[in-house]
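Notes follow once the structure below has been shown.
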Amino acid sequence: MKLIIYIPAYNEEENIQRVLAALPTKLEGIGEASTLVVDDGSTDRTVELAKAAGAAIIKHYKNRGVGAAFRSSVQYALENKADILVSIDADGQFAPGEIPALIKPILDGEANMVIGNRFHNGKPVDMPGNKFWGNKQVTRIVSSITGQKFSDVSCGFRAYDREALLRLNVFGDFTYTHESILSLVYQGLRVVEMPVTVRYDANRKSKVAVSISNYAWQTSKIMLRVLLNYRPLRVFGTTGIILIGIGALFELFLFIFYAVAGSFTPYKAAGFIGLGFILFGMLVLLIALISDMLNRLRINMDQQLYETKKIRYDDRK
């Protein structure tokens, strides 16, 4: 089997060679492992040092985000016939020695994707409290959307088998961590978690979550887009029913008042407001039905794309 260890890097000249040197070159059940560094627009010596350490390089000439870097790594893994792709951060916060444990569920045929769980013992030492709280809230949202219990959906230490790589269609540039989980779970693949060790530097600032509010906004947009893509009937249908319900409450109030007072005055406006909510809710329900039909077309297109990728990338003659 062929394993590629992928590292996204942005101005990591202080850490990149140390991290690359710590990566395993041979693993039981795999054989040799190769490394890939996706440089996301670094302006320091990251590329030079990574090349000197023997890593393959994909260079983005401007900073496009970890989502774009991940797409480049998936493309590279497919083109190079990788059976497993492991992603690990360039700052050295994860332990490369845990890669064998991370990929074990894949080797045992128990998972298509394995996510590192940083929170199996609670909040890691030196992790900012607001970042820990934010991660737990996002995890609750993703767990609710997928119907599967997760503990940590934002960890960058992960592993994907070839089936997952073939089925991944990730569009967000800002990040990919949540979108990839939602996409694979909705396509029926097995996503599991594995406890991992993490070490935080209290003085280091995240290059992704520079602003908690911006991170929350960007992440919410990605999750909403995936939810609209894979569960449009749930989104629009629920919204339509809520709007119709609000309208019905306005109408119910008006008719109860008429039954008591014998007149609609002074609440005639409530009837028009209620009617507006009902009509708008019915319009949203119509959108839900149309979106559901389009979703079936998208599912067929995803399957066709998957089959095309298999033909293109799985010719292992």
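FYI, nothing fancy with the structure tokens labels: chains A, B, ... in order, residues from 1 per chain, ligands from 1 as they appear.
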Self-check item: Leu286 in chain A surroundings by only C-alpha atoms, 9 Å radius, close-in-sequence under 4 positions cut, as a ChimeraX atom specification
Solution: /A:236-237,240,281-282,290-291
Could you write those residues out with C-alpha atoms, as a PDB file, in the first residue's frame?
ATOM      1  CA  PHE A 236     -36.150  24.774   3.174  1.00  0.00           C
ATOM      2  CA  GLY A 237     -38.894  22.419   4.334  1.00  0.00           C
ATOM      3  CA  GLY A 240     -41.388  26.825   5.207  1.00  0.00           C
ATOM      4  CA  GLY A 281     -43.997  29.727   3.739  1.00  0.00           C
ATOM      5  CA  MET A 282     -45.761  27.998   0.843  1.00  0.00           C
ATOM      6  CA  ILE A 290     -37.483  22.067  -6.423  1.00  0.00           C
ATOM      7  CA  SER A 291     -34.225  21.940  -4.430  1.00  0.00           C
TER       8      SER A 291
END
Self-check item: Expected answer as an NGL selection string: alpha helix (DSSP H) residues in range 19-258 of chain A
Solution: :A and (19-22 or 46-52 or 66-79 or 99-107 or 129-146 or 162-167 or 177-186 or 212-230 or 232-258)
Residues as selected, C-alpha atoms, written as a CSV table (one decimal), in the first residue's frame, can you do that?
chain,number,residue,atom,x,y,z
A,19,VAL,CA,8.4,18.1,11.5
A,20,LEU,CA,9.6,16.4,8.3
A,21,ALA,CA,12.5,14.8,10.1
A,22,ALA,CA,10.1,13.3,12.7
A,46,THR,CA,9.6,27.2,3.9
A,47,VAL,CA,9.9,25.7,0.3
A,48,GLU,CA,13.7,25.7,0.3
A,49,LEU,CA,13.9,23.9,3.6
A,50,ALA,CA,11.2,21.4,2.7
A,51,LYS,CA,12.9,20.6,-0.5
A,52,ALA,CA,16.2,20.1,1.3
A,66,VAL,CA,-6.0,25.5,4.0
A,67,GLY,CA,-9.1,24.4,2.0
A,68,ALA,CA,-7.3,25.1,-1.3
A,69,ALA,CA,-4.2,23.5,0.0
A,70,PHE,CA,-6.1,20.4,0.9
A,71,ARG,CA,-7.7,20.1,-2.5
A,72,SER,CA,-4.2,20.2,-4.0
A,73,SER,CA,-3.1,17.4,-1.7
A,74,VAL,CA,-6.1,15.2,-2.7
A,75,GLN,CA,-5.4,15.7,-6.3
A,76,TYR,CA,-1.8,14.9,-5.8
A,77,ALA,CA,-2.7,11.7,-3.8
A,78,LEU,CA,-5.0,10.5,-6.5
A,79,GLU,CA,-2.6,11.2,-9.3
A,99,ILE,CA,0.3,8.0,12.6
A,100,PRO,CA,0.3,4.2,12.8
A,101,ALA,CA,-2.6,4.3,15.4
A,102,LEU,CA,-4.4,6.9,13.3
A,103,ILE,CA,-4.4,4.8,10.1
A,104,LYS,CA,-5.2,1.5,11.9
A,105,PRO,CA,-9.0,1.7,11.5
A,106,ILE,CA,-8.4,2.2,7.8
A,107,LEU,CA,-6.0,-0.8,7.6
A,129,GLY,CA,-10.4,28.8,26.4
A,130,ASN,CA,-12.4,30.7,23.8
A,131,LYS,CA,-10.9,28.5,21.0
A,132,PHE,CA,-11.8,25.3,23.0
A,133,TRP,CA,-15.3,26.6,23.6
A,134,GLY,CA,-15.7,27.5,19.9
A,135,ASN,CA,-14.5,24.1,18.8
A,136,LYS,CA,-17.0,22.3,21.1
A,137,GLN,CA,-19.9,24.5,19.7
A,138,VAL,CA,-19.0,23.7,16.1
A,139,THR,CA,-18.7,20.0,17.0
A,140,ARG,CA,-22.2,20.0,18.4
A,141,ILE,CA,-23.5,21.6,15.2
A,142,VAL,CA,-21.8,19.1,13.0
A,143,SER,CA,-22.9,16.2,15.2
A,144,SER,CA,-26.5,17.5,15.0
A,145,ILE,CA,-26.4,17.9,11.2
A,146,THR,CA,-24.9,14.5,10.5
A,162,ARG,CA,-8.7,6.0,-1.4
A,163,GLU,CA,-12.5,5.7,-1.4
A,164,ALA,CA,-12.8,8.8,0.6
A,165,LEU,CA,-10.3,10.6,-1.7
A,166,LEU,CA,-12.3,9.7,-4.7
A,167,ARG,CA,-15.6,10.9,-3.2
A,177,THR,CA,-12.2,20.3,8.1
A,178,HIS,CA,-16.0,20.4,8.6
A,179,GLU,CA,-17.0,20.3,5.0
A,180,SER,CA,-15.1,17.0,4.4
A,181,ILE,CA,-16.8,15.3,7.3
A,182,LEU,CA,-20.3,16.4,6.2
A,183,SER,CA,-19.6,15.4,2.6
A,184,LEU,CA,-18.3,11.9,3.4
A,185,VAL,CA,-20.9,11.2,6.1
A,186,TYR,CA,-23.7,12.2,3.7
A,212,ILE,CA,-12.8,33.8,16.4
A,213,SER,CA,-15.7,35.8,14.9
A,214,ASN,CA,-14.4,35.6,11.4
A,215,TYR,CA,-13.6,31.9,11.8
A,216,ALA,CA,-17.1,31.2,13.1
A,217,TRP,CA,-18.6,33.2,10.1
A,218,GLN,CA,-16.5,31.5,7.5
A,219,THR,CA,-17.1,28.0,9.0
A,220,SER,CA,-20.9,28.7,9.3
A,221,LYS,CA,-21.1,29.6,5.6
A,222,ILE,CA,-19.3,26.4,4.6
A,223,MET,CA,-21.5,24.2,6.7
A,224,LEU,CA,-24.7,25.9,5.5
A,225,ARG,CA,-23.6,25.4,1.9
A,226,VAL,CA,-22.9,21.7,2.4
A,227,LEU,CA,-26.2,21.3,4.3
A,228,LEU,CA,-28.1,23.0,1.4
A,229,ASN,CA,-26.3,20.7,-1.1
A,230,TYR,CA,-27.0,17.5,0.8
A,232,PRO,CA,-32.1,21.0,1.0
A,233,LEU,CA,-35.5,19.5,1.9
A,234,ARG,CA,-34.6,19.6,5.5
A,235,VAL,CA,-33.5,23.3,5.4
A,236,PHE,CA,-36.2,24.8,3.2
A,237,GLY,CA,-38.9,22.4,4.3
A,238,THR,CA,-38.3,23.2,8.0
A,239,THR,CA,-38.2,27.0,7.2
A,240,GLY,CA,-41.4,26.8,5.2
A,241,ILE,CA,-43.3,25.0,7.9
A,242,ILE,CA,-42.1,27.4,10.6
A,243,LEU,CA,-43.3,30.4,8.4
A,244,ILE,CA,-46.7,28.8,7.8
A,245,GLY,CA,-47.0,28.0,11.5
A,246,ILE,CA,-46.3,31.7,12.4
A,247,GLY,CA,-48.8,32.8,9.9
A,248,ALA,CA,-51.4,30.4,11.3
A,249,LEU,CA,-50.9,31.8,14.8
A,250,PHE,CA,-51.6,35.3,13.5
A,251,GLU,CA,-54.8,34.1,11.8
A,252,LEU,CA,-55.8,32.0,14.9
A,253,PHE,CA,-55.4,35.1,17.1
A,254,LEU,CA,-57.5,37.2,14.7
A,255,PHE,CA,-60.4,34.7,14.6
A,256,ILE,CA,-60.4,34.2,18.3
A,257,PHE,CA,-60.6,37.9,18.8
A,258,TYR,CA,-63.4,38.1,16.3
Quiz prompt | One-decimal distance in Å that lies between CA of Met113 in chain A and CA of Lys59 in chain A | solution =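 A separation of 25.7 Å between them.
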Quiz item: Residues at most 6 Å from range 4-6 of chain A, counting only C-alpha atoms, excluding those fewer than 6 positions away in the same chain, as a count of residues only?
Solution: 8
Practice problem: Can you work out the spacing between CA of Glu12 in chain A and CA of Asp91 in chain A in Å, to one decimal? | Solution: 7.0 Å
Quiz prompt | Proximity to Lys62 in chain A - best of A:Phe150, A:Tyr10, A:Phe157, A:Tyr313, only C-alpha atoms | solution =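 Using only C-alpha atoms, the shortest distance to Lys62 in chain A belongs to A:Tyr10.
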Quiz item: How far is it from CA of Ala111 in chain A to CA of Tyr200 in chain A, in Å with one decimal?
Solution: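 Taking CA of Ala111 in chain A and CA of Tyr200 in chain A, their separation equals 28.0 Å.
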Quiz item: Given the choices A:Val125, A:Val260, A:Leu297, A:Ser154, which gets closest to Asp201 in chain A if the distance is worked out from only C-alpha atoms?
Solution: A:Val125
